[in-house]
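query10.txt follows (compact mmCIF, C-alpha atoms):
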# COMPACT_ATOMS: atom_id res chain seq x y z
CA MET R 161 -55.20 15.82 149.78
CA SER R 162 -57.83 17.73 147.83
CA PHE R 163 -58.76 21.37 148.38
CA LYS R 164 -61.53 23.71 147.35
CA TYR R 165 -60.47 26.48 144.99
CA ALA R 166 -57.17 24.69 144.34
CA HIS R 167 -56.50 26.92 141.32
CA LEU R 168 -56.38 29.93 143.65
CA MET R 169 -53.90 28.50 146.13
CA PRO R 170 -50.69 29.34 144.17
CA MET R 171 -51.61 33.03 144.45
CA THR R 172 -50.15 35.33 147.09
CA ALA R 173 -52.53 37.01 149.52
CA SER R 174 -52.43 40.22 147.45
CA GLU R 175 -52.97 38.40 144.16
CA LEU R 176 -55.88 36.50 145.67
CA HIS R 177 -57.46 39.69 146.97
CA ASN R 178 -57.14 41.44 143.60
CA HIS R 179 -58.40 38.38 141.71
CA LEU R 180 -61.53 38.08 143.84
CA THR R 181 -62.17 41.85 143.82
CA GLN R 182 -62.24 41.85 140.01
CA ARG R 183 -64.92 39.15 139.98
CA ASN R 184 -68.62 39.90 140.18
CA ILE R 185 -68.98 38.07 143.47
CA PRO R 186 -70.89 39.25 146.56
CA PRO R 187 -68.49 40.57 149.25
CA GLU R 188 -69.47 37.92 151.78
CA ILE R 189 -68.74 35.13 149.27
CA ARG R 190 -65.38 36.74 148.41
CA ALA R 191 -64.49 36.84 152.10
CA GLN R 192 -65.49 33.20 152.50
CA ILE R 193 -63.41 32.08 149.51
CA LYS R 194 -60.42 34.10 150.70
CA ALA R 195 -60.64 32.66 154.21
CA THR R 196 -60.93 29.11 152.87
CA VAL R 197 -57.94 29.48 150.54
CA LEU R 198 -55.74 31.06 153.21
CA GLU R 199 -56.70 28.38 155.72
CA GLN R 200 -55.86 25.63 153.23
CA LYS R 201 -52.51 27.24 152.43
CA ALA R 202 -51.72 27.28 156.14
CA ILE R 203 -52.52 23.55 156.28
CA VAL R 204 -50.16 22.89 153.37
CA ARG R 205 -47.35 24.86 155.03
CA SER R 206 -47.88 23.01 158.30
CA THR R 207 -47.93 19.63 156.55
CA LYS R 208 -44.73 20.42 154.64
CA ALA R 209 -42.99 21.51 157.83
CA GLN R 210 -44.10 18.39 159.66
CA THR R 211 -43.04 16.17 156.76
CA ALA R 212 -39.59 17.80 156.68
CA THR R 213 -39.19 17.35 160.45
CA VAL R 214 -40.20 13.69 160.33
CA SER R 215 -37.96 13.03 157.32
CA LYS R 216 -34.98 14.53 159.15
CA GLN R 217 -35.57 12.24 162.13
CA TRP R 218 -35.61 9.15 159.89
CA GLN R 219 -32.47 10.18 157.99
CA PRO R 220 -29.87 8.52 160.31
CA LEU R 221 -31.74 5.19 160.16
CA PHE R 222 -32.03 5.33 156.38
CA HIS R 223 -28.38 6.33 156.03
CA GLU R 224 -26.98 3.36 157.92
CA LEU R 225 -29.51 0.94 156.41
CA ARG R 226 -28.53 2.10 152.92
CA ARG R 227 -24.85 1.46 153.69
CA GLU R 228 -25.66 -2.10 154.71
CA ARG R 229 -27.89 -2.70 151.71
CA GLU R 230 -25.16 -1.51 149.34
CA SER R 231 -22.63 -3.79 151.03
CA VAL R 232 -24.95 -6.78 150.73
CA ARG R 233 -25.76 -6.02 147.09
CA ALA R 234 -22.03 -5.96 146.32
CA SER R 235 -21.60 -9.35 148.01
CA ILE R 236 -24.52 -10.82 146.07
CA LYS R 237 -23.04 -9.54 142.80
CA TYR R 238 -19.67 -11.08 143.64
CA HIS R 239 -20.98 -14.48 144.73
CA SER R 240 -23.43 -14.65 141.81
CA ARG R 241 -20.45 -14.71 139.45
CA THR R 242 -18.57 -17.43 141.29
CA ASN R 243 -21.16 -19.58 143.03
CA GLU R 244 -24.57 -20.43 141.66
CA GLU R 245 -27.18 -21.49 144.23
CA SER R 246 -24.51 -21.70 146.92
CA PRO R 247 -25.34 -21.47 150.65
CA ILE R 248 -23.53 -18.15 150.93
CA LEU R 249 -25.49 -16.64 148.04
CA THR R 250 -28.74 -17.89 149.56
CA ALA R 251 -27.79 -16.30 152.89
CA TYR R 252 -26.98 -12.95 151.33
CA GLN R 253 -30.19 -12.96 149.28
CA ALA R 254 -32.28 -13.67 152.37
CA TYR R 255 -30.46 -10.91 154.23
CA ALA R 256 -31.07 -8.49 151.35
CA LEU R 257 -34.78 -9.32 151.38
CA VAL R 258 -35.06 -8.45 155.07
CA LEU R 259 -33.22 -5.18 154.51
CA GLU R 260 -35.42 -4.22 151.55
CA ARG R 261 -38.60 -4.94 153.50
CA LEU R 262 -37.30 -2.89 156.41
CA ARG R 263 -36.60 0.03 154.08
CA ASP R 264 -40.17 -0.23 152.75
CA THR R 265 -41.47 -0.26 156.33
CA PHE R 266 -39.49 2.88 157.13
CA GLU R 267 -40.81 4.57 153.99
CA GLY R 268 -44.37 3.74 155.04
CA TYR R 269 -43.85 5.18 158.51
CA LYS R 270 -42.32 8.32 156.99
CA ARG R 271 -45.25 8.80 154.60
CA GLU R 272 -47.60 8.54 157.57
CA ARG R 273 -45.46 11.18 159.31
CA LYS R 274 -44.74 8.90 162.25
CA THR R 275 -41.48 9.65 164.05
CA PRO R 276 -39.02 6.88 164.95
CA ALA R 277 -38.89 8.00 168.60
CA VAL R 278 -42.66 7.68 169.10
CA LEU R 279 -42.86 4.40 167.20
CA ALA R 280 -39.92 2.95 169.13
CA ARG R 281 -41.74 3.62 172.40
CA GLU R 282 -44.98 2.12 171.07
CA LEU R 283 -43.20 -0.98 169.76
CA GLN R 284 -40.92 -1.19 172.83
CA LEU R 285 -37.83 -1.53 170.65
CA PRO R 286 -34.38 -2.09 172.16
CA ASN R 287 -32.14 1.00 172.44
CA ASN R 288 -35.22 3.13 171.69
CA GLY R 289 -34.88 2.18 168.02
CA THR R 290 -31.83 4.39 167.42
CA HIS R 291 -30.33 1.93 164.91
CA TRP R 292 -32.01 0.06 162.06
CA VAL R 293 -31.01 -3.29 163.60
CA ASP R 294 -33.28 -2.49 166.56
CA TRP R 295 -36.29 -2.59 164.19
CA VAL R 296 -35.72 -6.09 162.81
CA LYS R 297 -37.94 -8.77 164.32
CA PRO R 298 -35.91 -11.39 166.24
CA ARG R 299 -37.32 -14.24 164.16
CA PHE R 300 -35.93 -12.66 160.97
CA VAL R 301 -32.56 -12.14 162.62
CA GLN R 302 -32.54 -15.80 163.65
CA ARG R 303 -33.53 -17.12 160.21
CA VAL R 304 -30.87 -15.13 158.38
CA SER R 305 -28.24 -15.91 161.00
CA ASP R 306 -29.04 -19.62 160.64
CA LEU R 307 -28.46 -19.38 156.88
CA PHE R 308 -25.08 -17.72 157.38
CA ALA R 309 -24.20 -20.43 159.92
CA LEU R 310 -24.61 -23.04 157.15
CA VAL R 311 -21.88 -21.40 155.06
CA GLU R 312 -18.65 -23.37 155.05
CA HIS R 313 -15.83 -21.23 156.37
CA LYS R 314 -12.78 -21.31 154.15
CA HIS R 315 -9.29 -20.37 155.26
CA LYS R 316 -8.83 -16.57 155.25
CA ALA R 317 -12.27 -16.14 153.67
CA ARG R 318 -14.30 -13.38 155.30
CA ILE R 319 -17.97 -14.11 155.91
CA LYS R 320 -20.22 -11.17 156.70
CA GLU R 321 -21.91 -11.12 160.07
CA PRO R 322 -25.52 -10.01 159.58
CA PHE R 323 -27.34 -7.46 161.71
CA VAL R 324 -24.25 -5.92 163.27
CA ARG R 325 -25.18 -2.76 165.12
CA ALA R 326 -22.52 -0.70 163.35
CA ILE R 327 -22.61 3.01 162.63
CA SER R 328 -20.27 5.35 160.78
CA VAL R 329 -17.91 7.35 162.97
CA GLU R 330 -19.17 10.57 161.38
CA LEU R 331 -22.82 9.87 162.20
CA HIS R 332 -21.96 8.62 165.68
CA GLU R 333 -20.11 11.86 166.43
CA LYS R 334 -22.99 13.91 165.03
CA GLN R 335 -25.49 12.09 167.24
CA LYS R 336 -23.20 12.49 170.26
CA GLU R 337 -22.83 16.22 169.65
CA LYS R 338 -26.60 16.65 169.34
CA LEU R 339 -27.11 14.77 172.61
CA ARG R 340 -24.30 16.73 174.30
CA THR R 341 -25.83 20.07 173.22
CA ARG R 342 -29.27 19.15 174.52
CA THR R 343 -27.87 17.79 177.77
CA THR R 344 -25.72 20.88 178.33
CA SER R 345 -28.77 23.09 177.81
CA ASP R 346 -30.77 21.05 180.33
CA LEU R 347 -27.85 21.21 182.77
CA GLU R 348 -27.75 25.02 182.64
CA ILE R 349 -31.43 25.11 183.56
CA ALA R 350 -30.88 22.53 186.30
CA LYS R 351 -28.01 24.58 187.74
CA LEU R 352 -30.22 27.66 187.89
CA ASP R 353 -33.00 25.67 189.55
CA ALA R 354 -30.54 24.27 192.10
CA GLU R 355 -29.18 27.73 192.90
CA THR R 356 -32.57 29.35 193.36
CA ASN R 357 -34.07 26.34 195.14
CA PRO R 358 -31.40 23.95 196.48
CA SER R 359 -33.87 21.16 197.17
CA GLN R 360 -32.77 17.53 197.17
CA LYS R 361 -34.68 16.94 193.93
CA ASN R 362 -33.04 19.87 192.10
CA MET R 363 -29.56 19.01 193.38
CA ALA R 364 -30.01 15.37 192.32
CA LYS R 365 -31.10 16.36 188.81
CA ARG R 366 -28.08 18.64 188.39
CA ALA R 367 -25.76 15.83 189.52
CA LYS R 368 -27.44 13.39 187.14
CA LEU R 369 -27.03 15.73 184.19
CA GLU R 370 -23.36 16.25 185.04
CA LEU R 371 -22.94 12.47 185.11
CA ALA R 372 -24.77 12.22 181.78
CA LEU R 373 -22.26 14.58 180.15
CA ARG R 374 -19.38 12.50 181.48
CA ARG R 375 -20.98 9.35 180.07
CA ILE R 376 -21.43 11.02 176.68
CA ASP R 377 -17.72 11.93 176.62
CA ARG R 378 -16.78 8.32 177.46
CA MET R 379 -18.97 6.75 174.76
CA LEU R 380 -17.28 4.40 172.32
CA PRO R 381 -18.00 4.46 168.55
CA THR R 382 -19.98 1.22 168.97
CA ASP R 383 -22.18 2.49 171.83
CA PRO R 384 -25.81 3.33 171.01
CA VAL R 385 -26.51 7.06 171.27
CA PRO R 386 -29.92 7.68 172.88
CA ARG R 387 -32.13 10.50 171.68
CA HIS R 388 -32.38 11.93 175.21
CA TRP R 389 -29.88 11.95 178.08
CA SER R 390 -32.29 9.90 180.22
CA GLY R 391 -31.50 7.00 177.88
CA LEU R 392 -27.99 6.93 179.34
CA PHE R 393 -29.47 5.63 182.57
CA THR R 394 -30.95 2.25 181.68
CA THR R 395 -30.44 0.57 185.02
CA GLU R 396 -33.34 0.92 187.42
CA GLY R 397 -32.49 3.19 190.31
CA GLU R 398 -29.82 5.16 188.44

Can the structure from this file be put into C-alpha cells for me?
Amino acid sequence: MSFKYAHLMPMTASELHNHLTQRNIPPEIRAQIKATVLEQKAIVRSTKAQTATVSKQWQPLFHELRRERESVRASIKYHSRTNEESPILTAYQAYALVLERLRDTFEGYKRERKTPAVLARELQLPNNGTHWVDWVKPRFVQRVSDLFALVEHKHKARIKEPFVRAISVELHEKQKEKLRTRTTSDLEIAKLDAETNPSQKNMAKRAKLELALRRIDRMLPTDPVPRHWSGLFTTEGE
C-alpha cells in the first residue's frame, strides 16, 4: 500500500502541523497535505485493527493444525531412519503435503483479511469450519486415507489415523467459555424482551437460549464448538 507524503506519516498531528507551518507553502496547500496525511494514517490504523482481528479468528485453526503438522513431521523423521520408501513413510509424506498446503491456504486467506466464519459459510464447510479438518477437500482425505490403509499393521504397532477432528482440552474449554459468555449475554436480553413483551416468539427464543446453555454444559471434549449458539441446533425444526 503506497501513500502520498509517506515521509510525513510517522509524525504526530502536532509535529505535522509545526512541520508544515515552517514551510513556505500556501495555507490551502498545507491544509490539503495535512488532511491527506491524517486520512491515510486513519486508514493504516483501521487496516492494522482489522488485520489483528482477522488474525485472532484464525489462531485456533492454526494452533491445532500446527500440532498435527509437528506430530506428522516427528513420524516422518522416525520412519525415515528405519524404513526407506516404505508404505508408511509414503503415507505420512502425503499427509504432510496436504497439511502444508492447507497452512499456505490459511495464510493466504489471512493476508486477504478474510475471516474463517465468512469463508466457511461461502464454502459451505461442515461444522462451519471450526476445525482445520473441515477445510480439507474430501478427495484429499480419501487419497491419504487410502495410503494409510496400505500400511501393514504390525502387532502392538500404532498407526496414526489421519484427519482426526481432535482438539486440545485447553482450546476446547476456551471456545466453550467464549460461546457460553455470548449465549448468556443473549439470554439476558431475551429474558428482558420476554418480560416486557411475553409474545410466543420472545418466549420461544428465551427457552431456546436456555436449552443452548444446557447443551454447552453437556458438550464433550470431542464435540465441535460452533461460533454462535445457533450452531447448536443443526436439526431442522429445532

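Near Glu260 (chain R), within a cut-off of 12 Å and counting all atoms listed in the file, sit the residues Phe222, Leu225, Arg226, Glu228, Arg229, Glu230, Val232, Arg233, Gln253, Ala254, Phe266, Glu267, Trp292 and Val296 of chain R, with same-chain residues fewer than 6 positions away left out.
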
Can you pull out every residue within 9 Å of region 323-330 of chain R, counting all atoms listed in the file, but drop anything in the same chain fewer than 4 positions away, and send it as a PyMOL selection string?
-> chain R and resi 224+228+255+291-294+296+301+305+334-335+381-382+384

Write out as a ChimeraX atom specification the residues lying within 12 Å of Arg375 (chain R), counting only C-alpha atoms and excluding same-chain residues fewer than 2 positions away.
-> /R:336,339-340,343,368-373,377-380,383-386,389-393

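Interatomic distance, CA of Lys201 (chain R) to CA of Val278 (chain R): 27.5 Å.
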
Close residues, Arg366 (chain R) itself excluded, 12 Å, all atoms listed in the file, min 5 positions apart in chain, as a ChimeraX atom specification = /R:343-355,357-361,371-373

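The spacing separating CA of Gly289 (chain R) from CA of Asp306 (chain R) amounts to 23.7 Å.
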
Using only C-alpha atoms, determine which residues lie at most 8 Å from region 250-252 of chain R, disregarding the query and same-chain residues fewer than 3 positions distant; provide the list as a PyMOL selection string.
-> chain R and resi 232+235-236+245-247+255-256+304+307-308

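Restricting the calculation to all atoms listed in the file, the smallest distance between Ile203 (chain R) and any of R:Leu331, R:Ala309, R:Met169, R:Leu249 is found for R:Met169.
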